[in-house]
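K.L.:
As input, take start.txt (compact mmCIF, C-alpha atoms and all ligand atoms):
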# COMPACT_ATOMS: atom_id res chain seq x y z
CA MET A 51 24.23 -41.83 -128.03
CA THR A 52 21.78 -44.72 -127.73
CA MET A 53 18.13 -44.91 -126.78
CA LEU A 54 19.18 -45.69 -123.21
CA ASP A 55 20.95 -42.32 -122.85
CA PHE A 56 17.77 -40.24 -123.03
CA SER A 57 16.85 -38.86 -119.64
CA PHE A 58 13.20 -39.96 -119.93
CA MET A 59 14.44 -43.50 -120.55
CA GLN A 60 16.74 -43.39 -117.52
CA GLY A 61 14.00 -41.93 -115.32
CA PHE A 62 11.58 -44.65 -116.47
CA ILE A 63 14.06 -47.47 -115.79
CA ARG A 64 15.03 -46.03 -112.40
CA LEU A 65 11.39 -45.88 -111.31
CA VAL A 66 10.80 -49.54 -112.23
CA GLY A 67 13.97 -50.62 -110.36
CA ASP A 68 12.97 -48.60 -107.30
CA GLY A 69 9.44 -50.05 -107.40
CA PHE A 70 10.87 -53.58 -107.50
CA ALA A 71 13.18 -52.77 -104.57
CA LYS A 72 10.12 -51.59 -102.62
CA GLY A 73 8.44 -54.98 -103.12
CA TRP A 74 5.69 -53.70 -105.41
CA HIS A 75 6.47 -55.79 -108.51
CA GLU A 76 6.44 -59.55 -108.07
CA ARG A 77 7.08 -61.26 -111.43
CA ASN A 78 5.42 -59.02 -114.06
CA GLY A 79 3.12 -57.36 -111.52
CA GLY A 80 2.52 -53.68 -112.23
CA ASN A 81 3.21 -51.54 -115.30
CA LEU A 82 4.35 -48.04 -116.27
CA SER A 83 3.78 -45.63 -119.16
CA TYR A 84 5.25 -42.26 -120.11
CA ARG A 85 3.89 -39.79 -122.71
CA LEU A 86 6.86 -38.40 -124.62
CA LYS A 87 7.41 -34.65 -125.02
CA GLU A 88 7.58 -33.31 -128.57
CA ASP A 89 11.34 -32.66 -128.18
CA ASP A 90 11.88 -36.29 -127.11
CA VAL A 91 9.90 -37.55 -130.09
CA HIS A 92 12.18 -35.61 -132.48
CA ALA A 93 15.35 -36.65 -130.64
CA VAL A 94 14.57 -40.39 -130.65
CA ALA A 95 13.47 -40.46 -134.32
CA PRO A 96 16.85 -41.77 -135.65
CA PHE A 97 16.64 -44.77 -133.29
CA LEU A 98 13.17 -45.98 -134.37
CA HIS A 99 12.14 -48.59 -136.95
CA ASP A 100 8.99 -48.89 -139.01
CA LYS A 101 8.60 -52.67 -138.90
CA GLY A 102 5.75 -52.58 -136.38
CA VAL A 103 2.22 -53.21 -137.65
CA TYR A 104 -0.75 -51.39 -136.22
CA GLN A 105 -2.69 -53.28 -133.57
CA THR A 106 -5.87 -52.25 -131.80
CA ILE A 107 -5.50 -50.52 -128.43
CA GLY A 108 -8.86 -51.88 -127.27
CA ALA A 109 -9.97 -48.32 -126.47
CA ALA A 110 -10.41 -45.09 -128.40
CA VAL A 111 -8.22 -42.19 -127.28
CA PRO A 112 -8.64 -39.58 -130.06
CA ASP A 113 -7.01 -36.80 -128.00
CA LEU A 114 -3.78 -38.83 -127.99
CA ALA A 115 -3.72 -39.38 -131.78
CA GLY A 116 -0.15 -39.47 -133.12
CA GLU A 117 1.43 -39.37 -129.65
CA CYS A 118 4.33 -41.54 -128.57
CA PHE A 119 4.57 -43.57 -125.31
CA LEU A 120 7.20 -45.62 -123.53
CA VAL A 121 5.48 -48.60 -121.86
CA THR A 122 6.41 -51.81 -120.04
CA GLY A 123 5.84 -55.07 -121.91
CA SER A 124 3.11 -57.50 -120.93
CA GLY A 125 4.42 -60.42 -118.90
CA LYS A 126 7.91 -58.94 -118.66
CA PHE A 127 9.40 -59.25 -115.19
CA MET A 128 9.83 -55.77 -113.73
CA ARG A 129 12.99 -56.95 -111.96
CA ASN A 130 14.61 -57.43 -115.37
CA VAL A 131 13.78 -53.99 -116.80
CA PRO A 132 17.01 -52.26 -115.62
CA LEU A 133 19.09 -55.19 -116.99
CA GLU A 134 17.29 -55.63 -120.32
CA PRO A 135 15.35 -52.46 -121.17
CA ALA A 136 15.27 -53.13 -124.93
CA ALA A 137 13.72 -56.56 -124.34
CA THR A 138 11.20 -55.53 -121.68
CA LEU A 139 10.04 -52.05 -122.77
CA ALA A 140 8.36 -50.73 -125.91
CA LEU A 141 8.11 -47.35 -127.53
CA ILE A 142 4.77 -47.11 -129.30
CA THR A 143 3.10 -44.51 -131.52
CA LEU A 144 -0.65 -44.11 -131.95
CA ASP A 145 -2.41 -43.73 -135.31
CA SER A 146 -4.29 -40.62 -136.42
CA ALA A 147 -7.56 -41.91 -134.94
CA GLY A 148 -6.06 -42.83 -131.55
CA GLU A 149 -7.43 -46.38 -131.91
CA ASN A 150 -4.33 -48.38 -132.89
CA TYR A 151 -0.69 -48.48 -131.84
CA ARG A 152 2.49 -49.81 -133.36
CA ILE A 153 5.84 -50.64 -131.80
CA VAL A 154 8.72 -48.50 -133.09
CA TRP A 155 11.41 -49.57 -130.59
CA GLY A 156 12.00 -52.28 -127.97
CA LEU A 157 10.48 -55.70 -127.16
CA GLU A 158 13.42 -57.03 -129.14
CA GLN A 159 12.61 -60.66 -128.39
CA GLY A 160 8.91 -60.20 -129.11
CA GLY A 161 5.91 -59.38 -126.98
CA ARG A 162 3.28 -56.71 -126.68
CA PRO A 163 2.68 -53.68 -124.45
CA THR A 164 1.18 -54.15 -120.99
CA SER A 165 -2.26 -55.75 -120.85
CA GLU A 166 -3.35 -52.60 -118.98
CA LEU A 167 -2.68 -50.42 -122.05
CA PRO A 168 -6.38 -49.39 -122.32
CA THR A 169 -6.34 -48.09 -118.72
CA HIS A 170 -2.98 -46.36 -119.17
CA LEU A 171 -3.99 -44.59 -122.38
CA MET A 172 -7.47 -43.61 -121.19
CA ASN A 173 -5.90 -42.17 -118.03
CA HIS A 174 -3.32 -40.30 -120.13
CA GLU A 175 -6.09 -38.82 -122.27
CA ILE A 176 -8.02 -37.62 -119.20
CA LYS A 177 -4.94 -36.25 -117.42
CA LYS A 178 -3.61 -34.49 -120.54
CA ARG A 179 -6.90 -32.59 -120.81
CA GLN A 180 -7.33 -32.04 -117.06
CA THR A 181 -3.76 -30.82 -116.36
CA GLY A 182 -3.22 -28.91 -119.61
CA GLY A 183 -0.65 -31.48 -120.71
CA ALA A 184 1.37 -31.43 -117.46
CA HIS A 185 0.81 -35.07 -116.43
CA ARG A 186 2.88 -37.56 -118.43
CA VAL A 187 3.28 -40.61 -116.17
CA ILE A 188 0.77 -43.34 -115.29
CA TYR A 189 2.01 -46.00 -112.85
CA HIS A 190 0.38 -49.23 -111.67
CA ALA A 191 1.90 -51.16 -108.75
CA HIS A 192 0.92 -54.09 -106.53
CA THR A 193 1.48 -52.32 -103.21
CA PRO A 194 0.96 -54.92 -100.46
CA ASN A 195 -0.23 -52.79 -97.54
CA LEU A 196 -2.76 -50.91 -99.63
CA ILE A 197 -4.01 -54.21 -101.05
CA ALA A 198 -4.36 -55.53 -97.47
CA MET A 199 -6.52 -52.52 -96.58
CA THR A 200 -8.97 -53.46 -99.35
CA PHE A 201 -9.85 -56.64 -97.44
CA VAL A 202 -10.77 -54.73 -94.29
CA LEU A 203 -12.22 -51.29 -95.07
CA PRO A 204 -15.51 -50.56 -96.88
CA LEU A 205 -14.60 -49.95 -100.54
CA THR A 206 -15.53 -46.26 -100.70
CA ASP A 207 -13.54 -43.18 -101.67
CA ARG A 208 -14.35 -41.64 -98.31
CA ASP A 209 -13.26 -44.59 -96.16
CA PHE A 210 -9.92 -44.92 -97.96
CA THR A 211 -9.24 -41.19 -98.20
CA ARG A 212 -9.88 -40.62 -94.50
CA ALA A 213 -7.93 -43.69 -93.41
CA LEU A 214 -4.90 -42.75 -95.55
CA TRP A 215 -5.00 -39.05 -94.60
CA GLU A 216 -5.15 -39.95 -90.89
CA MET A 217 -2.14 -42.26 -90.98
CA ALA A 218 0.42 -39.61 -92.05
CA THR A 219 0.16 -35.85 -91.61
CA GLU A 220 1.62 -35.06 -95.05
CA CYS A 221 -0.96 -37.16 -96.91
CA PRO A 222 -3.67 -34.49 -97.29
CA VAL A 223 -0.99 -32.15 -98.68
CA VAL A 224 0.34 -34.76 -101.15
CA PHE A 225 -3.11 -35.92 -102.34
CA PRO A 226 -5.65 -33.28 -101.27
CA GLN A 227 -8.24 -34.57 -103.77
CA GLY A 228 -8.30 -37.91 -101.91
CA VAL A 229 -8.31 -41.33 -103.56
CA GLY A 230 -10.88 -43.16 -105.69
CA VAL A 231 -11.75 -46.79 -105.01
CA LEU A 232 -12.94 -49.45 -107.47
CA PRO A 233 -14.42 -52.77 -106.37
CA TRP A 234 -12.73 -55.91 -107.68
CA MET A 235 -12.92 -56.08 -111.48
CA VAL A 236 -11.38 -58.25 -114.18
CA PRO A 237 -8.06 -56.58 -115.05
CA GLY A 238 -6.79 -55.86 -118.54
CA GLY A 239 -9.88 -54.73 -120.43
CA ASP A 240 -11.83 -51.66 -121.41
CA ALA A 241 -14.41 -52.06 -118.59
CA ILE A 242 -11.81 -51.53 -115.85
CA ALA A 243 -10.20 -48.81 -118.01
CA LEU A 244 -13.49 -46.88 -118.26
CA ALA A 245 -14.21 -47.26 -114.54
CA THR A 246 -10.68 -46.13 -113.63
CA GLY A 247 -10.98 -43.18 -116.00
CA ARG A 248 -14.18 -42.01 -114.32
CA LEU A 249 -12.31 -41.85 -111.00
CA MET A 250 -9.21 -40.26 -112.58
CA GLU A 251 -11.48 -37.32 -113.51
CA GLN A 252 -11.48 -36.53 -109.76
CA TYR A 253 -8.33 -38.09 -108.32
CA HIS A 254 -4.67 -38.76 -109.14
CA VAL A 255 -4.82 -42.05 -107.18
CA VAL A 256 -7.18 -44.95 -107.89
CA VAL A 257 -7.36 -48.10 -105.75
CA TRP A 258 -8.13 -51.40 -107.45
CA ALA A 259 -9.56 -53.58 -104.66
CA HIS A 260 -7.60 -56.78 -103.98
CA HIS A 261 -5.19 -55.86 -106.79
CA GLY A 262 -3.19 -52.63 -106.48
CA LEU A 263 -2.99 -48.96 -107.21
CA PHE A 264 -2.86 -46.54 -110.17
CA CYS A 265 -1.15 -43.14 -109.81
CA SER A 266 -0.83 -40.22 -112.22
CA GLY A 267 1.79 -37.48 -112.13
CA ALA A 268 3.75 -34.89 -114.09
CA ASP A 269 7.09 -36.71 -113.94
CA PHE A 270 8.70 -39.87 -112.56
CA ASP A 271 9.64 -38.33 -109.19
CA GLU A 272 6.17 -36.97 -108.53
CA THR A 273 4.39 -40.17 -109.57
CA PHE A 274 6.74 -42.50 -107.67
CA GLY A 275 6.52 -40.17 -104.66
CA LEU A 276 2.73 -40.32 -104.74
CA MET A 277 2.71 -44.14 -104.89
CA ASP A 278 5.29 -44.26 -102.07
CA THR A 279 3.32 -41.83 -99.87
CA VAL A 280 0.05 -43.76 -100.27
CA GLU A 281 1.70 -47.13 -99.66
CA LYS A 282 3.61 -45.88 -96.59
CA SER A 283 0.39 -44.55 -95.12
CA ALA A 284 -1.23 -47.94 -95.80
CA GLU A 285 1.70 -49.62 -94.02
CA ILE A 286 1.08 -47.46 -90.94
CA PHE A 287 -2.64 -48.36 -91.15
CA VAL A 288 -1.75 -52.06 -91.13
CA LYS A 289 0.62 -51.61 -88.15
CA VAL A 290 -1.96 -49.59 -86.18
CA HIS A 291 -4.59 -52.27 -86.74
CA ALA A 292 -2.11 -55.02 -85.84
CA MET A 293 -1.54 -53.15 -82.53
CA GLY A 294 -5.25 -53.21 -81.73
CA GLY A 295 -6.53 -50.17 -83.63
CA LYS A 296 -6.56 -46.37 -83.17
CA LYS A 297 -6.75 -44.87 -79.70
CA GLN A 298 -6.46 -41.32 -81.02
CA SER A 299 -6.03 -39.70 -84.42
CA ILE A 300 -5.87 -36.51 -86.50
CA THR A 301 -9.26 -34.77 -86.22
CA CYS A 302 -11.30 -33.02 -88.89
CA ASP A 303 -10.41 -29.68 -87.30
CA ASN A 304 -6.74 -30.66 -87.50
CA PHE A 305 -7.24 -31.35 -91.22
CA ARG A 306 -8.86 -27.92 -91.69
CA ASP A 307 -5.92 -26.24 -89.93
CA LEU A 308 -3.50 -28.21 -92.10
CA ALA A 309 -5.36 -27.20 -95.27
CA ARG A 310 -5.14 -23.52 -94.28
CA ALA A 311 -1.44 -23.73 -93.40
CA PHE A 312 -0.47 -25.59 -96.56
CA LYS A 313 -2.96 -23.80 -98.82
CA VAL A 314 -4.68 -26.92 -100.12
CA LYS A 315 -8.41 -27.47 -100.64
CA LEU A 316 -9.75 -30.61 -98.98
CA PRO A 317 -13.21 -31.64 -100.26
CA ASP A 318 -15.91 -31.08 -97.61
CA ARG A 319 -17.40 -34.54 -98.26
CA PHE A 320 -14.30 -36.10 -96.65
CA LEU A 321 -14.51 -33.96 -93.49
CA ASP A 322 -17.51 -34.47 -91.21
P1 LIG B 1 1.20 -56.91 -117.57
O1 LIG B 1 2.38 -57.84 -117.39
O2 LIG B 1 0.38 -57.26 -118.79
O3 LIG B 1 1.63 -55.46 -117.54
O4 LIG B 1 0.21 -57.16 -116.36
C1 LIG B 1 0.64 -56.95 -115.04
C2 LIG B 1 -0.44 -56.45 -114.16
O5 LIG B 1 -0.15 -55.96 -113.09
C3 LIG B 1 -1.85 -56.53 -114.61
O6 LIG B 1 -2.70 -55.77 -113.81
ZN ZN B 2 -1.82 -55.42 -111.80
The structure given in the file should be rewritten as structure tokens.
Ligand code: 13P
Ligand code: ZN
P.N.:
Amino acid sequence: MTMLDFSFMQGFIRLVGDGFAKGWHERNGGNLSYRLKEDDVHAVAPFLHDKGVYQTIGAAVPDLAGECFLVTGSGKFMRNVPLEPAATLALITLDSAGENYRIVWGLEQGGRPTSELPTHLMNHEIKKRQTGGAHRVIYHAHTPNLIAMTFVLPLTDRDFTRALWEMATECPVVFPQGVGVLPWMVPGGDAIALATGRLMEQYHVVVWAHHGLFCSGADFDETFGLMDTVEKSAEIFVKVHAMGGKKQSITCDNFRDLARAFKVKLPDRFLD
């Protein structure tokens, strides 16, 4: 048994490889984090070291105190993760205040966790509370069609939600809450983390204009599936606009019928 045999580790690595194959991870673009279950934390204990020194997270996440996360390393090429997981990933534990982390496995040739660690951990804290602990995965990808949309559409939750819902019938069922949209911001700090967190209170998908997308989910399949669904819808949007724009579409009454049939609640503010 090695660290790489744990199923959470295999699921994490598979997601990164699939994301690269999709074209969402040029160089080090994008990052991924997973909040370990208590059973996993006990099981991996024999494989961890205590050489790591505590470093500041750059955000306070007291509700995650003492928790353990698998994260991608900053600047590590996502394409290399399946080949060199121990050099590109880190297992980190948080201190009792939820203000500092230390590395207990991985980044064998040096490095630090993703520069988006504040956003990942703040999102984990919000989703842990909001979903009663169900959500464990936060995923950031540079999805090209969605990024293209942010140069064309007004940067509002409503404009993006409606456009994405209309481009694929399953979308309102997969993300009935809609999507949140942030204007362009400097990546990597606590300001973008706080702004993303405010939107994660309402949505499981947050658009970073001219940059990419953040998704939250219970497991790797659900979170990857959400990213894939949003990006595919964005791809259809780009094709439709390249063909001269919509001539017909799914109507608000269609959406209401869909919501009834699939037993989802679509917020009234997105349906005129
Ligand atoms: P990291 O390499 O630090 O994870 O940064 C990649 C990225 O996408 C920043 O938004
Ligand atoms: Zn990014």
K.L.:
Using all atoms listed in the file, find each residue of chain A with at least one atom at most 12 Å away from an atom of ligand ZN 2 (chain B); report its shortest atom-to-atom pair and that distance in Å (one decimal), sort the rows by chain and rising residue number, and return the result as a tab-separated table.
P.N.:
residue	atom	partner	partner_atom	distance
A:Trp74	CA	B:ZN2	ZN	10.0
A:His75	CA	B:ZN2	ZN	8.9
A:Glu76	CA	B:ZN2	ZN	10.0
A:Arg77	CA	B:ZN2	ZN	10.7
A:Asn78	CA	B:ZN2	ZN	8.4
A:Gly79	CA	B:ZN2	ZN	5.3
A:Gly80	CA	B:ZN2	ZN	4.7
A:Asn81	CA	B:ZN2	ZN	7.3
A:Leu82	CA	B:ZN2	ZN	10.6
A:Ser124	CA	B:ZN2	ZN	10.6
A:Gly125	CA	B:ZN2	ZN	10.7
A:Met128	CA	B:ZN2	ZN	11.8
A:Thr164	CA	B:ZN2	ZN	9.8
A:Ser165	CA	B:ZN2	ZN	9.1
A:Glu166	CA	B:ZN2	ZN	7.9
A:Leu167	CA	B:ZN2	ZN	11.4
A:Thr169	CA	B:ZN2	ZN	11.0
A:His170	CA	B:ZN2	ZN	11.7
A:Tyr189	CA	B:ZN2	ZN	10.2
A:His190	CA	B:ZN2	ZN	6.6
A:Ala191	CA	B:ZN2	ZN	6.4
A:His192	CA	B:ZN2	ZN	6.1
A:Thr193	CA	B:ZN2	ZN	9.7
A:Pro194	CA	B:ZN2	ZN	11.7
A:Ile197	CA	B:ZN2	ZN	11.0
A:Trp234	CA	B:ZN2	ZN	11.7
A:Met235	CA	B:ZN2	ZN	11.1
A:Val236	CA	B:ZN2	ZN	10.3
A:Pro237	CA	B:ZN2	ZN	7.1
A:Gly238	CA	B:ZN2	ZN	8.4
A:Gly239	CA	B:ZN2	ZN	11.8
A:Ile242	CA	B:ZN2	ZN	11.5
A:Val257	CA	B:ZN2	ZN	11.0
A:Trp258	CA	B:ZN2	ZN	8.7
A:Ala259	CA	B:ZN2	ZN	10.7
A:His260	CA	B:ZN2	ZN	9.8
A:His261	CA	B:ZN2	ZN	6.1
A:Gly262	CA	B:ZN2	ZN	6.2
A:Leu263	CA	B:ZN2	ZN	8.0
A:Phe264	CA	B:ZN2	ZN	9.1
K.L.:
A:Gly108, A:Pro96, A:Gly123, A:Gly295: which is nearest ligand LIG 1 (chain B), counting all atoms listed in the file?
P.N.:
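Ranking A:Gly108, A:Pro96, A:Gly123, A:Gly295 by distance to ligand LIG 1 (chain B), first place goes to A:Gly123.
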K.L.:
Which distance in Å separates atom P1 of ligand LIG 1 (chain B) and atom CA of Val131 of chain A, to one decimal?
P.N.:
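Going from atom P1 of ligand LIG 1 (chain B) over to atom CA of Val131 of chain A, I get 12.9 Å.
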K.L.:
Within 12 Å of Ala309 of chain A, counting only C-alpha atoms, which residues show up once you throw out same-chain ones fewer than 2 positions away? Write them as an mmCIF file with C-alpha atoms, keeping the file's coordinate frame, please.
P.N.:
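Result written to out.cif:
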data_model
loop_
_atom_site.group_PDB
_atom_site.id
_atom_site.type_symbol
_atom_site.label_atom_id
_atom_site.label_comp_id
_atom_site.auth_asym_id
_atom_site.auth_seq_id
_atom_site.Cartn_x
_atom_site.Cartn_y
_atom_site.Cartn_z
ATOM 1 C CA TRP A 215 -5.000 -39.050 -94.600
ATOM 2 C CA THR A 219 0.160 -35.850 -91.610
ATOM 3 C CA GLU A 220 1.620 -35.060 -95.050
ATOM 4 C CA CYS A 221 -0.960 -37.160 -96.910
ATOM 5 C CA PRO A 222 -3.670 -34.490 -97.290
ATOM 6 C CA VAL A 223 -0.990 -32.150 -98.680
ATOM 7 C CA VAL A 224 0.340 -34.760 -101.150
ATOM 8 C CA PHE A 225 -3.110 -35.920 -102.340
ATOM 9 C CA PRO A 226 -5.650 -33.280 -101.270
ATOM 10 C CA GLN A 227 -8.240 -34.570 -103.770
ATOM 11 C CA CYS A 302 -11.300 -33.020 -88.890
ATOM 12 C CA ASP A 303 -10.410 -29.680 -87.300
ATOM 13 C CA ASN A 304 -6.740 -30.660 -87.500
ATOM 14 C CA PHE A 305 -7.240 -31.350 -91.220
ATOM 15 C CA ARG A 306 -8.860 -27.920 -91.690
ATOM 16 C CA ASP A 307 -5.920 -26.240 -89.930
ATOM 17 C CA ALA A 311 -1.440 -23.730 -93.400
ATOM 18 C CA PHE A 312 -0.470 -25.590 -96.560
ATOM 19 C CA LYS A 313 -2.960 -23.800 -98.820
ATOM 20 C CA VAL A 314 -4.680 -26.920 -100.120
ATOM 21 C CA LYS A 315 -8.410 -27.470 -100.640
ATOM 22 C CA LEU A 316 -9.750 -30.610 -98.980
ATOM 23 C CA PRO A 317 -13.210 -31.640 -100.260
ATOM 24 C CA ASP A 318 -15.910 -31.080 -97.610
ATOM 25 C CA LEU A 321 -14.510 -33.960 -93.490
#
K.L.:
Quick one: of A:Lys282, A:Arg85, A:Arg162, A:Arg179, who's nearest to ligand LIG 1 (chain B), counting all atoms listed in the file?
P.N.:
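Answer, going by the shortest atom-to-atom distance: A:Arg162.
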K.L.:
With only C-alpha atoms and all ligand atoms as the atoms that count, which of A:Gly148, A:Pro168, A:Gly67, A:Gly247 lies nearest to ligand LIG 1 (chain B)?
P.N.:
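Smallest separation from ligand LIG 1 (chain B) among the options: A:Pro168.
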K.L.:
Can you work out the spacing between atom CA of Gly228 of chain A and atom CA of Asp207 of chain A in Å, to one decimal?
P.N.:
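Separation between atom CA of Gly228 of chain A and atom CA of Asp207 of chain A: 7.4 Å.
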K.L.:
Find the residue from A:Met59, A:Ile176, A:Ile286, A:Ala213 that sits nearest to Ser266 of chain A; use all atoms listed in the file when measuring.
P.N.:
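Residue with the minimum atom-to-atom distance to Ser266 of chain A: A:Ile176.
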K.L.:
Which one of A:Pro204, A:Pro163, A:Gly275, A:Pro233 sits closest to ligand LIG 1 (chain B) if you count all atoms listed in the file?
P.N.:
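Closest to ligand LIG 1 (chain B), using all atoms listed in the file: A:Pro163.
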K.L.:
Measuring between only C-alpha atoms and all ligand atoms, which one of A:Ala243, A:Leu205, A:Met53, A:Leu86 shows the shortest distance to ligand LIG 1 (chain B)?
P.N.:
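Smallest separation from ligand LIG 1 (chain B) among the options: A:Ala243.
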K.L.:
Just need the box for segment 63-71 of chain A, edges along x, y and z, holding every atom the file lists for it with 8 Å tacked onto each side, so centre and edge lengths in Å to one decimal, as AutoDock Vina command-line options.
P.N.:
--center_x 12.2 --center_y -49.7 --center_z -110.2 --size_x 21.6 --size_y 23.7 --size_z 27.2
K.L.:
Mind giving me the straight-line distance from atom O3 of ligand LIG 1 (chain B) to atom CA of Phe287 of chain A in Å, one decimal?
P.N.:
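Spanning atom O3 of ligand LIG 1 (chain B) to atom CA of Phe287 of chain A is a straight-line distance of 27.7 Å.
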K.L.:
Extract, using all atoms listed in the file, all DNA, RNA and protein residues at most 10 Å from segment 102-105 of chain A, discarding same-chain residues fewer than 5 positions from it, and format them as an NGL selection string.
P.N.:
:A and (142-145 or 149-155 or 162)
K.L.:
Mind listing as a PyMOL selection string all residues within 6 Å of (3.9, -34.8, -117.0), counting only C-alpha atoms?
P.N.:
chain A and resi 184-187+267-269
K.L.:
Tell me which protein, DNA and RNA residues are within 6 Å of Gly156 of chain A, counting only C-alpha atoms, leaving out same-chain ones fewer than 6 positions away, and put them as a list of chain:residue names.
P.N.:
A:Ala136, A:Ala137, A:Leu139, A:Ala140
K.L.:
Please, can segment 234-246 of chain A be completed to N, CA, C and O atoms and returned as a PDB file, in the coordinates of the input?
P.N.:
ATOM      1  N   TRP A 234     -13.488 -54.960-106.859  1.00  0.00           N
ATOM      2  CA  TRP A 234     -12.730 -55.910-107.680  1.00  0.00           C
ATOM      3  C   TRP A 234     -13.333 -55.974-109.081  1.00  0.00           C
ATOM      4  O   TRP A 234     -14.556 -56.031-109.232  1.00  0.00           O
ATOM      5  N   MET A 235     -12.481 -55.944-110.080  1.00  0.00           N
ATOM      6  CA  MET A 235     -12.920 -56.080-111.480  1.00  0.00           C
ATOM      7  C   MET A 235     -11.898 -56.934-112.216  1.00  0.00           C
ATOM      8  O   MET A 235     -10.735 -57.032-111.803  1.00  0.00           O
ATOM      9  N   VAL A 236     -12.319 -57.508-113.332  1.00  0.00           N
ATOM     10  CA  VAL A 236     -11.380 -58.250-114.180  1.00  0.00           C
ATOM     11  C   VAL A 236     -10.361 -57.261-114.729  1.00  0.00           C
ATOM     12  O   VAL A 236     -10.750 -56.246-115.315  1.00  0.00           O
ATOM     13  N   PRO A 237      -9.059 -57.516-114.527  1.00  0.00           N
ATOM     14  CA  PRO A 237      -8.060 -56.580-115.050  1.00  0.00           C
ATOM     15  C   PRO A 237      -7.876 -56.736-116.567  1.00  0.00           C
ATOM     16  O   PRO A 237      -8.315 -57.719-117.151  1.00  0.00           O
ATOM     17  N   GLY A 238      -7.273 -55.729-117.172  1.00  0.00           N
ATOM     18  CA  GLY A 238      -6.790 -55.860-118.540  1.00  0.00           C
ATOM     19  C   GLY A 238      -7.752 -55.487-119.642  1.00  0.00           C
ATOM     20  O   GLY A 238      -7.408 -55.594-120.808  1.00  0.00           O
ATOM     21  N   GLY A 239      -8.940 -55.012-119.338  1.00  0.00           N
ATOM     22  CA  GLY A 239      -9.880 -54.730-120.430  1.00  0.00           C
ATOM     23  C   GLY A 239     -10.358 -53.293-120.448  1.00  0.00           C
ATOM     24  O   GLY A 239      -9.863 -52.455-119.692  1.00  0.00           O
ATOM     25  N   ASP A 240     -11.343 -53.035-121.332  1.00  0.00           N
ATOM     26  CA  ASP A 240     -11.830 -51.660-121.410  1.00  0.00           C
ATOM     27  C   ASP A 240     -12.815 -51.331-120.288  1.00  0.00           C
ATOM     28  O   ASP A 240     -12.993 -50.166-119.944  1.00  0.00           O
ATOM     29  N   ALA A 241     -13.451 -52.353-119.672  1.00  0.00           N
ATOM     30  CA  ALA A 241     -14.410 -52.060-118.590  1.00  0.00           C
ATOM     31  C   ALA A 241     -13.670 -51.443-117.393  1.00  0.00           C
ATOM     32  O   ALA A 241     -14.078 -50.397-116.869  1.00  0.00           O
ATOM     33  N   ILE A 242     -12.574 -52.063-116.995  1.00  0.00           N
ATOM     34  CA  ILE A 242     -11.810 -51.530-115.850  1.00  0.00           C
ATOM     35  C   ILE A 242     -11.143 -50.199-116.242  1.00  0.00           C
ATOM     36  O   ILE A 242     -10.986 -49.299-115.418  1.00  0.00           O
ATOM     37  N   ALA A 243     -10.803 -50.060-117.531  1.00  0.00           N
ATOM     38  CA  ALA A 243     -10.200 -48.810-118.010  1.00  0.00           C
ATOM     39  C   ALA A 243     -11.212 -47.658-117.901  1.00  0.00           C
ATOM     40  O   ALA A 243     -10.881 -46.566-117.412  1.00  0.00           O
ATOM     41  N   LEU A 244     -12.456 -47.921-118.327  1.00  0.00           N
ATOM     42  CA  LEU A 244     -13.490 -46.880-118.260  1.00  0.00           C
ATOM     43  C   LEU A 244     -13.793 -46.504-116.810  1.00  0.00           C
ATOM     44  O   LEU A 244     -13.910 -45.321-116.474  1.00  0.00           O
ATOM     45  N   ALA A 245     -13.897 -47.523-115.952  1.00  0.00           N
ATOM     46  CA  ALA A 245     -14.210 -47.260-114.540  1.00  0.00           C
ATOM     47  C   ALA A 245     -13.068 -46.492-113.876  1.00  0.00           C
ATOM     48  O   ALA A 245     -13.301 -45.560-113.091  1.00  0.00           O
ATOM     49  N   THR A 246     -11.837 -46.847-114.197  1.00  0.00           N
ATOM     50  CA  THR A 246     -10.680 -46.130-113.630  1.00  0.00           C
ATOM     51  C   THR A 246     -10.664 -44.695-114.130  1.00  0.00           C
ATOM     52  O   THR A 246     -10.413 -43.751-113.367  1.00  0.00           O
TER      53      THR A 246
END
